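Undergrad: Submitted below is the structure of interest, expressed as structure tokens.
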Amino acid sequence: MAQEKSMAVAEFLSKAELIKQGAEARVYRTEFLGKPTIVKERFPKRYRHPVLDEKLTHRRTVQEVRSILRCRKAGKCISTPVVYFVDYISHCIFLEEIVGSITVRDHIASAQQSGSCIESELEQLADRVGKILGKMHDEDVVHGDLTTSNMLLKRGPEDGEDELVLIDFGLSYNSALPEDKGVDLYVLEKAFLSTHPNTESLFEKLLKSYAASSKKSAAVMKKLDEVRLRGRKRSMVG
């Protein structure tokens, strides 16, 4: 029965559009139950023992789904794609496609290049990113791969505000430790400043918004400073 189900999913994906393949998974675009859908398929790692690989892949799939659902349960303050279906045999997650969206990375880059976006608009975006991350960490969800490529802006109603959506929870996990959340912010800081030059003040705006939005921010910000210090020491040594 399980093998038949896995074969059915494989046949379904053979007709889908492969849009990305990384070291951990393939990502497809298709339609599921009449809705635009993104399918994330974790494939076997041949270099690992099959039993170990199955356990690790299953755990990562479960954790990703759990993190998304935990965010969605928190309400509208944390927007993530809807989970339509999960097949734990083939390790596939069927997710809502955020149609008509643009990554925050592309939005900031486009704004910087064209000069069409005034500074206050980017500051408002940084404020919103800080808020959603603060709420996510209050739910004890650690994203694990925070970059502006993993945040989407979905066009809102006419004259309305675009919706900010967090995606790709493939490295996420649940943790109440300020250390883990501090590292999460540090990863974002390194990615943000390397991807978007001369945006130090913008990132500071993001952190201020995070601190104001999260009930647990004091301990996290303290850990962020400690992680930064460790990072600088490593840079000096290595």
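If you're wondering about the labels, chains in the structure tokens are A, B, ... by order shown, residues count from 1 in each chain, ligands from 1 in order shown.
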Give one line per residue of stretch 144-163 of chain A that approaches stretch 183-205 of chain A to at most 10 Å, naming the two atoms of the closest pair and their distance in Å to one decimal, counting only C-alpha atoms; sort by chain then ascending residue number and deliver it as JSON lines.

TA:
```
{"residue": "A:Gly144", "atom": "CA", "partner": "A:Asp184", "partner_atom": "CA", "distance": 5.9}
{"residue": "A:Asp145", "atom": "CA", "partner": "A:Val187", "partner_atom": "CA", "distance": 7.1}
{"residue": "A:Leu146", "atom": "CA", "partner": "A:Leu188", "partner_atom": "CA", "distance": 5.0}
{"residue": "A:Thr147", "atom": "CA", "partner": "A:Leu188", "partner_atom": "CA", "distance": 5.4}
{"residue": "A:Thr148", "atom": "CA", "partner": "A:Phe192", "partner_atom": "CA", "distance": 6.8}
{"residue": "A:Ser149", "atom": "CA", "partner": "A:Ala191", "partner_atom": "CA", "distance": 9.6}
```

Undergrad: Residues within 6 Å of stretch 93-102 of chain A, please, as a ChimeraX atom specification. Count only C-alpha atoms; anything in the same chain fewer than 6 positions from it doesn't count.

TA: /A:36-40,81-86,152-154

Undergrad: List every residue of stretch 14-122 of chain A that DSSP, applied to the backbone of this structure, places in strand (DSSP E or B), and write the result as a PyMOL selection string.

TA: chain A and resi 17-21+25-32+35-42+79+83-87+92-96+101-103

Undergrad: Mind pulling up the distance from atom CA of A:Ile108 to atom CA of A:Leu122?

TA: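 Atom-to-atom, atom CA of A:Leu122 to atom CA of A:Ile108, that is 7.4 Å.
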
Undergrad: Please identify all polymer residues within 10 Å of A:Lys45, counting only C-alpha atoms, omitting same-chain residues fewer than 3 positions from it, and present them as a list in words.

TA: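 Once the adjacent positions are removed, what remains is Ala23, Glu24, Arg42, Arg48, His49, Pro50, Leu52, Asp53, Glu54 and Thr57 of chain A.
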
Undergrad: Write to file, as a PDB file, in the first residue's frame, the residues of the selection just made, with N, CA, C and O atoms.

TA:
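Done, and the output landed in selection.pdb:
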```pdb
ATOM      1  N   ALA A  23      20.602  20.761  -2.626  1.00  0.00           N
ATOM      2  CA  ALA A  23      21.273  19.597  -2.060  1.00  0.00           C
ATOM      3  C   ALA A  23      20.323  18.721  -1.257  1.00  0.00           C
ATOM      4  O   ALA A  23      20.554  17.521  -1.089  1.00  0.00           O
ATOM      5  N   GLU A  24      19.231  19.328  -0.753  1.00  0.00           N
ATOM      6  CA  GLU A  24      18.324  18.605   0.133  1.00  0.00           C
ATOM      7  C   GLU A  24      17.016  18.179  -0.532  1.00  0.00           C
ATOM      8  O   GLU A  24      16.419  17.189  -0.131  1.00  0.00           O
ATOM      9  N   ARG A  42      11.861  15.795  -0.665  1.00  0.00           N
ATOM     10  CA  ARG A  42      13.184  15.429  -0.146  1.00  0.00           C
ATOM     11  C   ARG A  42      13.569  14.067  -0.728  1.00  0.00           C
ATOM     12  O   ARG A  42      12.841  13.099  -0.554  1.00  0.00           O
ATOM     13  N   ARG A  48      24.480   8.182   2.501  1.00  0.00           N
ATOM     14  CA  ARG A  48      24.117   7.816   3.874  1.00  0.00           C
ATOM     15  C   ARG A  48      23.542   6.403   3.916  1.00  0.00           C
ATOM     16  O   ARG A  48      22.975   5.921   2.934  1.00  0.00           O
ATOM     17  N   HIS A  49      23.672   5.772   5.069  1.00  0.00           N
ATOM     18  CA  HIS A  49      23.051   4.463   5.256  1.00  0.00           C
ATOM     19  C   HIS A  49      21.535   4.625   5.079  1.00  0.00           C
ATOM     20  O   HIS A  49      20.945   5.567   5.625  1.00  0.00           O
ATOM     21  N   PRO A  50      20.890   3.733   4.331  1.00  0.00           N
ATOM     22  CA  PRO A  50      19.458   3.885   4.025  1.00  0.00           C
ATOM     23  C   PRO A  50      18.556   4.074   5.242  1.00  0.00           C
ATOM     24  O   PRO A  50      17.637   4.894   5.231  1.00  0.00           O
ATOM     25  N   LEU A  52      19.430   5.221   8.284  1.00  0.00           N
ATOM     26  CA  LEU A  52      19.726   6.530   8.869  1.00  0.00           C
ATOM     27  C   LEU A  52      19.137   7.646   8.011  1.00  0.00           C
ATOM     28  O   LEU A  52      18.542   8.595   8.532  1.00  0.00           O
ATOM     29  N   ASP A  53      19.304   7.507   6.697  1.00  0.00           N
ATOM     30  CA  ASP A  53      18.789   8.526   5.776  1.00  0.00           C
ATOM     31  C   ASP A  53      17.274   8.663   5.905  1.00  0.00           C
ATOM     32  O   ASP A  53      16.737   9.772   5.939  1.00  0.00           O
ATOM     33  N   GLU A  54      16.591   7.534   6.002  1.00  0.00           N
ATOM     34  CA  GLU A  54      15.129   7.548   6.135  1.00  0.00           C
ATOM     35  C   GLU A  54      14.701   8.244   7.422  1.00  0.00           C
ATOM     36  O   GLU A  54      13.778   9.067   7.422  1.00  0.00           O
ATOM     37  N   THR A  57      15.519  12.104   7.112  1.00  0.00           N
ATOM     38  CA  THR A  57      14.635  12.758   6.144  1.00  0.00           C
ATOM     39  C   THR A  57      13.220  12.884   6.697  1.00  0.00           C
ATOM     40  O   THR A  57      12.569  13.916   6.551  1.00  0.00           O
TER      41      THR A  57
END
```

Undergrad: Find the residues around A:Ser217 up to 9 Å (only C-alpha atoms counted), leave out those fewer than 6 positions away in its own chain, and share them as an MDAnalysis selection string.

TA: chainID A and resid 134 137:138 178 210:211

Undergrad: Could you tell me how far atom CA of A:Leu133 sits from atom CA of A:Ser213, in Å to one decimal place?

TA: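 Atom CA of A:Leu133 lies 8.7 Å from atom CA of A:Ser213.
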
Undergrad: Quick check, in Å to one decimal: how far apart do atom CA of A:Ala219 and atom CA of A:Val62 lie?

TA: 28.3 Å
